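*Asks:* Can you keep this structure in mind? I'll have questions shortly.
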Amino acid sequence: MGGTAILKRILILLLMLLFPSVLLAGQFTVTKVHDGDTIGVGGRGIELTVRLAGIDAPETPKGQRDAGQPYSQQAKRYLTDLVLNKSITVDRYGFDPDNRMLGVVYVGTKNVNLEMVKAGFAEVSQGQTPKGFDLGPYRQAEKKAREEGKGMWSLGNKYVSPQDYKKRDKRR
């Protein structure tokens with residue numbers, strides 16, 4: 001982690017400790033959708049990247065030669081429709097290794113992370129689950145989306161999980 005990233009994390013943690021109301025849920029507006037599971041948010045002069053906890057969406061293109069995974073663009077568009085320029089609340093679960101805040105995002109009472117899984121545009125994350133995070137509802141939603149062939153699950157046996165796609169991509 002670079003010096004700037006460390007300073008950013010320290011500043012965010014200090015703000016959370018000294019002024020918890022600054023980072024309270026409900027005070028963010030989504031300013032950017034990076035892909036199907038990562039958003040940029042702003043509020044009270046703070047800009048953060050939030051990685052939707054507990055889910056993994058198809059990988060988006062990493063350059064002109066990379067088409068990305070099937071359904072990556074649909075996942076990004078769906079998430080954009082759900083959150084862009086909207087006021088959100090975030091239940092925080094710490095930070096990931098890329099210095100992104102891990103969180104469950106809500107628009108009103110709608111759990112956006114869960115909506116992505118229900119629509120077939122994200123799977124339950126196969127990585128480490130944040131402490132205190134309940135994957136139960138996500139697993140149920142994924143099972144139902146798979147059974148109904150929603151979104152990426154329409155690919156059947158041709159579906160490749162984002163985690164496997166990233167591993168395969170690193171070998172190239």
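The chains in the structure tokens are called A, B, ... from first to last as shown; in each chain the residues are counted from 1, and the ligands are counted from 1 in the order shown.
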Would you return as a PyMOL selection string the members of range 14-126 of chain A that DSSP assigns to helix (DSSP H, G or I) on this structure's backbone?

*Replies:* chain A and resi 14-18+20-23+72-83+112-118

*Asks:* Write a file of the just-selected residues containing N, CA and C atoms, as a PDB file, in the first residue's frame.

*Replies:*
```pdb
ATOM      1  N   LEU A  14      -9.656   8.306  11.382  1.00  0.00           N
ATOM      2  CA  LEU A  14      -9.711   9.395  12.362  1.00  0.00           C
ATOM      3  C   LEU A  14     -11.058  10.108  12.317  1.00  0.00           C
ATOM      4  N   LEU A  15     -11.542  10.374  11.109  1.00  0.00           N
ATOM      5  CA  LEU A  15     -12.850  11.016  10.980  1.00  0.00           C
ATOM      6  C   LEU A  15     -13.959  10.152  11.566  1.00  0.00           C
ATOM      7  N   MET A  16     -13.848   8.832  11.343  1.00  0.00           N
ATOM      8  CA  MET A  16     -14.857   7.925  11.881  1.00  0.00           C
ATOM      9  C   MET A  16     -14.850   7.943  13.407  1.00  0.00           C
ATOM     10  N   LEU A  17     -13.657   8.031  13.983  1.00  0.00           N
ATOM     11  CA  LEU A  17     -13.543   8.038  15.441  1.00  0.00           C
ATOM     12  C   LEU A  17     -13.934   9.381  16.055  1.00  0.00           C
ATOM     13  N   LEU A  18     -13.445  10.468  15.456  1.00  0.00           N
ATOM     14  CA  LEU A  18     -13.666  11.786  16.022  1.00  0.00           C
ATOM     15  C   LEU A  18     -15.032  12.375  15.673  1.00  0.00           C
ATOM     16  N   PRO A  20     -18.108  10.643  14.105  1.00  0.00           N
ATOM     17  CA  PRO A  20     -18.846   9.541  13.490  1.00  0.00           C
ATOM     18  C   PRO A  20     -20.025  10.005  12.647  1.00  0.00           C
ATOM     19  N   SER A  21     -20.598  11.158  12.964  1.00  0.00           N
ATOM     20  CA  SER A  21     -21.743  11.635  12.187  1.00  0.00           C
ATOM     21  C   SER A  21     -21.342  11.998  10.760  1.00  0.00           C
ATOM     22  N   VAL A  22     -20.065  12.298  10.541  1.00  0.00           N
ATOM     23  CA  VAL A  22     -19.599  12.636   9.198  1.00  0.00           C
ATOM     24  C   VAL A  22     -19.760  11.434   8.267  1.00  0.00           C
ATOM     25  N   LEU A  23     -19.511  10.250   8.805  1.00  0.00           N
ATOM     26  CA  LEU A  23     -19.574   9.058   7.980  1.00  0.00           C
ATOM     27  C   LEU A  23     -20.805   8.204   8.281  1.00  0.00           C
ATOM     28  N   SER A  72     -21.030  -8.345 -17.621  1.00  0.00           N
ATOM     29  CA  SER A  72     -20.368  -7.307 -16.825  1.00  0.00           C
ATOM     30  C   SER A  72     -20.975  -5.934 -17.102  1.00  0.00           C
ATOM     31  N   GLN A  73     -21.244  -5.631 -18.343  1.00  0.00           N
ATOM     32  CA  GLN A  73     -21.821  -4.320 -18.674  1.00  0.00           C
ATOM     33  C   GLN A  73     -23.269  -4.216 -18.208  1.00  0.00           C
ATOM     34  N   GLN A  74     -24.012  -5.313 -18.302  1.00  0.00           N
ATOM     35  CA  GLN A  74     -25.394  -5.306 -17.809  1.00  0.00           C
ATOM     36  C   GLN A  74     -25.426  -5.112 -16.295  1.00  0.00           C
ATOM     37  N   ALA A  75     -24.489  -5.743 -15.587  1.00  0.00           N
ATOM     38  CA  ALA A  75     -24.405  -5.584 -14.131  1.00  0.00           C
ATOM     39  C   ALA A  75     -24.105  -4.136 -13.769  1.00  0.00           C
ATOM     40  N   LYS A  76     -23.172  -3.532 -14.486  1.00  0.00           N
ATOM     41  CA  LYS A  76     -22.826  -2.129 -14.224  1.00  0.00           C
ATOM     42  C   LYS A  76     -24.030  -1.220 -14.489  1.00  0.00           C
ATOM     43  N   ARG A  77     -24.739  -1.457 -15.602  1.00  0.00           N
ATOM     44  CA  ARG A  77     -25.921  -0.638 -15.917  1.00  0.00           C
ATOM     45  C   ARG A  77     -27.020  -0.810 -14.866  1.00  0.00           C
ATOM     46  N   TYR A  78     -27.223  -2.037 -14.433  1.00  0.00           N
ATOM     47  CA  TYR A  78     -28.260  -2.304 -13.423  1.00  0.00           C
ATOM     48  C   TYR A  78     -27.926  -1.576 -12.121  1.00  0.00           C
ATOM     49  N   LEU A  79     -26.667  -1.680 -11.696  1.00  0.00           N
ATOM     50  CA  LEU A  79     -26.240  -0.988 -10.480  1.00  0.00           C
ATOM     51  C   LEU A  79     -26.359   0.524 -10.658  1.00  0.00           C
ATOM     52  N   THR A  80     -25.994   1.018 -11.828  1.00  0.00           N
ATOM     53  CA  THR A  80     -26.123   2.448 -12.122  1.00  0.00           C
ATOM     54  C   THR A  80     -27.568   2.901 -11.963  1.00  0.00           C
ATOM     55  N   ASP A  81     -28.494   2.134 -12.522  1.00  0.00           N
ATOM     56  CA  ASP A  81     -29.915   2.482 -12.403  1.00  0.00           C
ATOM     57  C   ASP A  81     -30.387   2.481 -10.949  1.00  0.00           C
ATOM     58  N   LEU A  82     -29.822   1.582 -10.142  1.00  0.00           N
ATOM     59  CA  LEU A  82     -30.226   1.494  -8.742  1.00  0.00           C
ATOM     60  C   LEU A  82     -29.702   2.646  -7.885  1.00  0.00           C
ATOM     61  N   VAL A  83     -28.464   3.134  -8.178  1.00  0.00           N
ATOM     62  CA  VAL A  83     -27.820   4.016  -7.206  1.00  0.00           C
ATOM     63  C   VAL A  83     -27.303   5.364  -7.688  1.00  0.00           C
ATOM     64  N   VAL A 112     -29.162  -2.923  -1.851  1.00  0.00           N
ATOM     65  CA  VAL A 112     -28.665  -2.935  -3.224  1.00  0.00           C
ATOM     66  C   VAL A 112     -27.809  -4.170  -3.490  1.00  0.00           C
ATOM     67  N   ASN A 113     -26.971  -4.563  -2.542  1.00  0.00           N
ATOM     68  CA  ASN A 113     -26.125  -5.747  -2.713  1.00  0.00           C
ATOM     69  C   ASN A 113     -27.010  -6.959  -3.019  1.00  0.00           C
ATOM     70  N   LEU A 114     -28.058  -7.130  -2.231  1.00  0.00           N
ATOM     71  CA  LEU A 114     -28.972  -8.252  -2.403  1.00  0.00           C
ATOM     72  C   LEU A 114     -29.727  -8.150  -3.726  1.00  0.00           C
ATOM     73  N   GLU A 115     -30.103  -6.953  -4.128  1.00  0.00           N
ATOM     74  CA  GLU A 115     -30.804  -6.761  -5.408  1.00  0.00           C
ATOM     75  C   GLU A 115     -29.945  -7.198  -6.585  1.00  0.00           C
ATOM     76  N   MET A 116     -28.640  -6.969  -6.500  1.00  0.00           N
ATOM     77  CA  MET A 116     -27.742  -7.380  -7.571  1.00  0.00           C
ATOM     78  C   MET A 116     -27.733  -8.909  -7.716  1.00  0.00           C
ATOM     79  N   VAL A 117     -27.767  -9.613  -6.594  1.00  0.00           N
ATOM     80  CA  VAL A 117     -27.788 -11.075  -6.613  1.00  0.00           C
ATOM     81  C   VAL A 117     -29.142 -11.565  -7.130  1.00  0.00           C
ATOM     82  N   LYS A 118     -30.230 -10.976  -6.641  1.00  0.00           N
ATOM     83  CA  LYS A 118     -31.573 -11.386  -7.071  1.00  0.00           C
ATOM     84  C   LYS A 118     -31.761 -11.248  -8.573  1.00  0.00           C
TER      85      LYS A 118
END
```

*Asks:* Write out as an MDAnalysis selection string the residues lying within 10 Å of Ala119 in chain A, counting only C-alpha atoms and excluding same-chain residues fewer than 6 positions away.

*Replies:* chainID A and resid 75 78 141:142 144:146 148:153

*Asks:* Save out the residues we just selected, N, CA and C atoms, as a compact mmCIF listing (two decimals), in the first residue's frame.

*Replies:*
```
# COMPACT_ATOMS: atom_id res chain seq x y z
N ALA A 75 -24.49 -5.74 -15.59
CA ALA A 75 -24.40 -5.58 -14.13
C ALA A 75 -24.10 -4.14 -13.77
N TYR A 78 -27.22 -2.04 -14.43
CA TYR A 78 -28.26 -2.30 -13.42
C TYR A 78 -27.93 -1.58 -12.12
N ALA A 141 -30.96 -15.97 -2.36
CA ALA A 141 -31.25 -15.18 -3.55
C ALA A 141 -30.50 -15.72 -4.76
N GLU A 142 -29.24 -16.12 -4.57
CA GLU A 142 -28.47 -16.68 -5.67
C GLU A 142 -29.08 -17.99 -6.16
N LYS A 144 -32.16 -18.95 -6.05
CA LYS A 144 -33.39 -18.65 -6.79
C LYS A 144 -33.06 -18.07 -8.18
N ALA A 145 -32.11 -17.14 -8.25
CA ALA A 145 -31.73 -16.54 -9.53
C ALA A 145 -31.16 -17.60 -10.48
N ARG A 146 -30.38 -18.52 -9.93
CA ARG A 146 -29.82 -19.62 -10.75
C ARG A 146 -30.95 -20.49 -11.31
N GLU A 148 -33.99 -19.76 -11.83
CA GLU A 148 -34.81 -19.02 -12.79
C GLU A 148 -34.02 -18.58 -14.02
N GLY A 149 -32.71 -18.85 -14.04
CA GLY A 149 -31.87 -18.49 -15.18
C GLY A 149 -31.78 -16.99 -15.42
N LYS A 150 -31.76 -16.23 -14.34
CA LYS A 150 -31.69 -14.77 -14.46
C LYS A 150 -30.27 -14.31 -14.76
N GLY A 151 -30.17 -13.25 -15.57
CA GLY A 151 -28.89 -12.61 -15.84
C GLY A 151 -27.81 -13.59 -16.25
N MET A 152 -26.69 -13.54 -15.56
CA MET A 152 -25.53 -14.35 -15.91
C MET A 152 -25.79 -15.85 -15.75
N TRP A 153 -26.80 -16.21 -14.97
CA TRP A 153 -27.11 -17.62 -14.77
C TRP A 153 -27.74 -18.24 -16.02
```

*Asks:* At what distance in Å, to one decimal, does CA of Gly40 in chain A lie from CA of Val90 in chain A?

*Replies:*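 So the two atoms, CA of Val90 in chain A and CA of Gly40 in chain A, lie 12.1 Å apart.
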
*Asks:* Could you name the residues that touch range 159-165 of chain A at 10 Å or less, counting only C-alpha atoms, but leaving out those on the same chain fewer than 3 positions away, as a tab-separated table (two decimals) with N, CA and C atoms, in the first residue's frame?

*Replies:*
```tsv
chain	number	residue	atom	x	y	z
A	56	ASP	N	-19.99	-10.61	-5.70
A	56	ASP	CA	-18.97	-10.47	-6.73
A	56	ASP	C	-19.69	-10.43	-8.07
A	57	ALA	N	-19.52	-9.35	-8.81
A	57	ALA	CA	-20.15	-9.19	-10.11
A	57	ALA	C	-19.16	-9.55	-11.22
A	58	PRO	N	-19.65	-9.88	-12.41
A	58	PRO	CA	-18.75	-10.19	-13.52
A	58	PRO	C	-17.76	-9.06	-13.75
A	59	GLU	N	-16.54	-9.46	-14.11
A	59	GLU	CA	-15.44	-8.52	-14.30
A	59	GLU	C	-15.64	-7.68	-15.56
A	60	THR	N	-15.43	-6.38	-15.41
A	60	THR	CA	-15.56	-5.45	-16.54
A	60	THR	C	-14.26	-5.43	-17.34
A	68	GLY	N	-14.02	-8.27	-21.16
A	68	GLY	CA	-14.65	-8.47	-19.86
A	68	GLY	C	-15.50	-9.73	-19.89
A	69	GLN	N	-16.13	-10.00	-18.78
A	69	GLN	CA	-16.98	-11.18	-18.69
A	69	GLN	C	-18.36	-10.90	-19.26
A	70	PRO	N	-19.03	-11.95	-19.75
A	70	PRO	CA	-20.42	-11.76	-20.14
A	70	PRO	C	-21.22	-11.23	-18.94
A	72	SER	N	-21.03	-8.35	-17.62
A	72	SER	CA	-20.37	-7.31	-16.83
A	72	SER	C	-20.97	-5.93	-17.10
A	122	ALA	N	-24.85	-10.64	-9.94
A	122	ALA	CA	-23.75	-10.85	-8.99
A	122	ALA	C	-23.96	-12.19	-8.31
A	123	GLU	N	-22.88	-12.79	-7.92
A	123	GLU	CA	-22.95	-14.03	-7.15
A	123	GLU	C	-22.51	-13.75	-5.73
A	124	VAL	N	-22.75	-14.70	-4.85
A	124	VAL	CA	-22.25	-14.59	-3.48
A	124	VAL	C	-20.73	-14.68	-3.55
A	125	SER	N	-20.05	-13.77	-2.89
A	125	SER	CA	-18.60	-13.73	-2.90
A	125	SER	C	-18.02	-15.03	-2.38
A	126	GLN	N	-17.01	-15.52	-3.08
A	126	GLN	CA	-16.32	-16.74	-2.66
A	126	GLN	C	-15.11	-16.43	-1.79
A	127	GLY	N	-14.83	-15.15	-1.63
A	127	GLY	CA	-13.69	-14.73	-0.81
A	127	GLY	C	-14.04	-14.70	0.67
A	152	MET	N	-26.69	-13.54	-15.56
A	152	MET	CA	-25.53	-14.35	-15.91
A	152	MET	C	-25.79	-15.85	-15.75
A	153	TRP	N	-26.80	-16.21	-14.97
A	153	TRP	CA	-27.11	-17.62	-14.77
A	153	TRP	C	-27.74	-18.24	-16.02
A	154	SER	N	-28.15	-17.41	-16.97
A	154	SER	CA	-28.68	-17.93	-18.24
A	154	SER	C	-27.58	-18.60	-19.05
A	155	LEU	N	-26.33	-18.38	-18.69
A	155	LEU	CA	-25.20	-18.98	-19.40
A	155	LEU	C	-25.04	-20.47	-19.09
A	156	GLY	N	-25.70	-20.94	-18.05
A	156	GLY	CA	-25.61	-22.35	-17.67
A	156	GLY	C	-24.18	-22.77	-17.38
A	168	ARG	N	-7.74	-16.87	-14.13
A	168	ARG	CA	-7.42	-17.23	-15.50
A	168	ARG	C	-6.79	-16.03	-16.22
A	169	ASP	N	-7.30	-14.83	-15.95
A	169	ASP	CA	-6.80	-13.63	-16.58
A	169	ASP	C	-5.36	-13.33	-16.17
A	170	LYS	N	-5.00	-13.63	-14.93
A	170	LYS	CA	-3.63	-13.38	-14.44
A	170	LYS	C	-2.61	-14.30	-15.10
```

*Asks:* Which value, in Å to one decimal, gives the distance between CA of Tyr138 in chain A and CA of Gly54 in chain A?

*Replies:*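 Separation of CA of Tyr138 in chain A and CA of Gly54 in chain A: 7.8 Å.
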
*Asks:* Just give me the gap between CA of Gly136 in chain A and CA of Val41 in chain A in Å, one decimal is fine.

*Replies:*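 Between these atoms lies a distance of 27.0 Å.
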
*Asks:* For Lys32 in chain A, which residue out of A:Val107, A:Val50, A:Ala67, A:Met101 is the nearest one, using only C-alpha atoms?

*Replies:*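 Using only C-alpha atoms, Lys32 in chain A sits closest to A:Val50.
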
*Asks:* Choose the residue, out of A:His34, A:Lys131, A:Lys86, A:Arg44, that has the smallest atom-to-atom separation from Pro61 in chain A; count only C-alpha atoms.

*Replies:*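 Of the candidates, the smallest distance to Pro61 in chain A is held by A:His34.
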
*Asks:* List every residue of range 5-153 of chain A that DSSP, applied to the backbone of this structure, assigns to strand (DSSP E or B), and report them as a ChimeraX atom specification.

*Replies:* /A:28-35,38-43,46-52,55-56,87-95,101-107,110-111,123-124

*Asks:* Write the residues of the selection above to a file with C-alpha atoms, as a PDB file, in the first residue's frame.

*Replies:*
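Below is the file that was written, part_22.pdb:
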```
ATOM      1  CA  PHE A  28     -23.549   9.806   0.913  1.00  0.00           C
ATOM      2  CA  THR A  29     -24.512  10.390  -2.681  1.00  0.00           C
ATOM      3  CA  VAL A  30     -23.345   7.963  -5.353  1.00  0.00           C
ATOM      4  CA  THR A  31     -21.163   9.899  -7.782  1.00  0.00           C
ATOM      5  CA  LYS A  32     -19.813   7.037  -9.903  1.00  0.00           C
ATOM      6  CA  VAL A  33     -20.420   3.390 -10.665  1.00  0.00           C
ATOM      7  CA  HIS A  34     -17.087   1.717 -11.396  1.00  0.00           C
ATOM      8  CA  ASP A  35     -18.473  -1.732 -12.177  1.00  0.00           C
ATOM      9  CA  THR A  38     -17.969  -0.979  -6.758  1.00  0.00           C
ATOM     10  CA  ILE A  39     -19.210   2.605  -6.474  1.00  0.00           C
ATOM     11  CA  GLY A  40     -17.805   6.046  -5.743  1.00  0.00           C
ATOM     12  CA  VAL A  41     -19.591   8.101  -3.110  1.00  0.00           C
ATOM     13  CA  GLY A  42     -19.314  11.604  -1.737  1.00  0.00           C
ATOM     14  CA  GLY A  43     -20.649  13.512   1.197  1.00  0.00           C
ATOM     15  CA  ILE A  46     -15.283  13.197   1.589  1.00  0.00           C
ATOM     16  CA  GLU A  47     -14.991  10.967  -1.466  1.00  0.00           C
ATOM     17  CA  LEU A  48     -14.766   7.206  -0.981  1.00  0.00           C
ATOM     18  CA  THR A  49     -14.852   4.040  -3.016  1.00  0.00           C
ATOM     19  CA  VAL A  50     -17.279   1.449  -1.681  1.00  0.00           C
ATOM     20  CA  ARG A  51     -17.005  -2.237  -2.576  1.00  0.00           C
ATOM     21  CA  LEU A  52     -20.366  -3.968  -2.137  1.00  0.00           C
ATOM     22  CA  ILE A  55     -21.094 -10.163  -3.618  1.00  0.00           C
ATOM     23  CA  ASP A  56     -18.972 -10.466  -6.729  1.00  0.00           C
ATOM     24  CA  SER A  87     -28.670   9.291  -1.527  1.00  0.00           C
ATOM     25  CA  ILE A  88     -27.582   6.047   0.101  1.00  0.00           C
ATOM     26  CA  THR A  89     -26.836   4.564   3.476  1.00  0.00           C
ATOM     27  CA  VAL A  90     -23.921   2.209   4.027  1.00  0.00           C
ATOM     28  CA  ASP A  91     -23.504  -0.436   6.689  1.00  0.00           C
ATOM     29  CA  ARG A  92     -19.715  -0.547   6.945  1.00  0.00           C
ATOM     30  CA  TYR A  93     -17.619  -3.702   7.286  1.00  0.00           C
ATOM     31  CA  GLY A  94     -14.113  -2.245   7.244  1.00  0.00           C
ATOM     32  CA  PHE A  95     -11.810  -1.991   4.236  1.00  0.00           C
ATOM     33  CA  MET A 101     -14.725   0.588   2.149  1.00  0.00           C
ATOM     34  CA  LEU A 102     -16.658  -2.694   2.345  1.00  0.00           C
ATOM     35  CA  GLY A 103     -20.346  -2.128   2.841  1.00  0.00           C
ATOM     36  CA  VAL A 104     -23.945  -3.026   2.319  1.00  0.00           C
ATOM     37  CA  VAL A 105     -25.553  -0.200   0.371  1.00  0.00           C
ATOM     38  CA  TYR A 106     -29.166   0.837   0.832  1.00  0.00           C
ATOM     39  CA  VAL A 107     -31.363   3.138  -1.222  1.00  0.00           C
ATOM     40  CA  LYS A 110     -33.691  -1.563  -0.464  1.00  0.00           C
ATOM     41  CA  ASN A 111     -30.524  -3.627   0.033  1.00  0.00           C
ATOM     42  CA  GLU A 123     -22.947 -14.030  -7.154  1.00  0.00           C
ATOM     43  CA  VAL A 124     -22.248 -14.586  -3.485  1.00  0.00           C
TER      44      VAL A 124
END
```
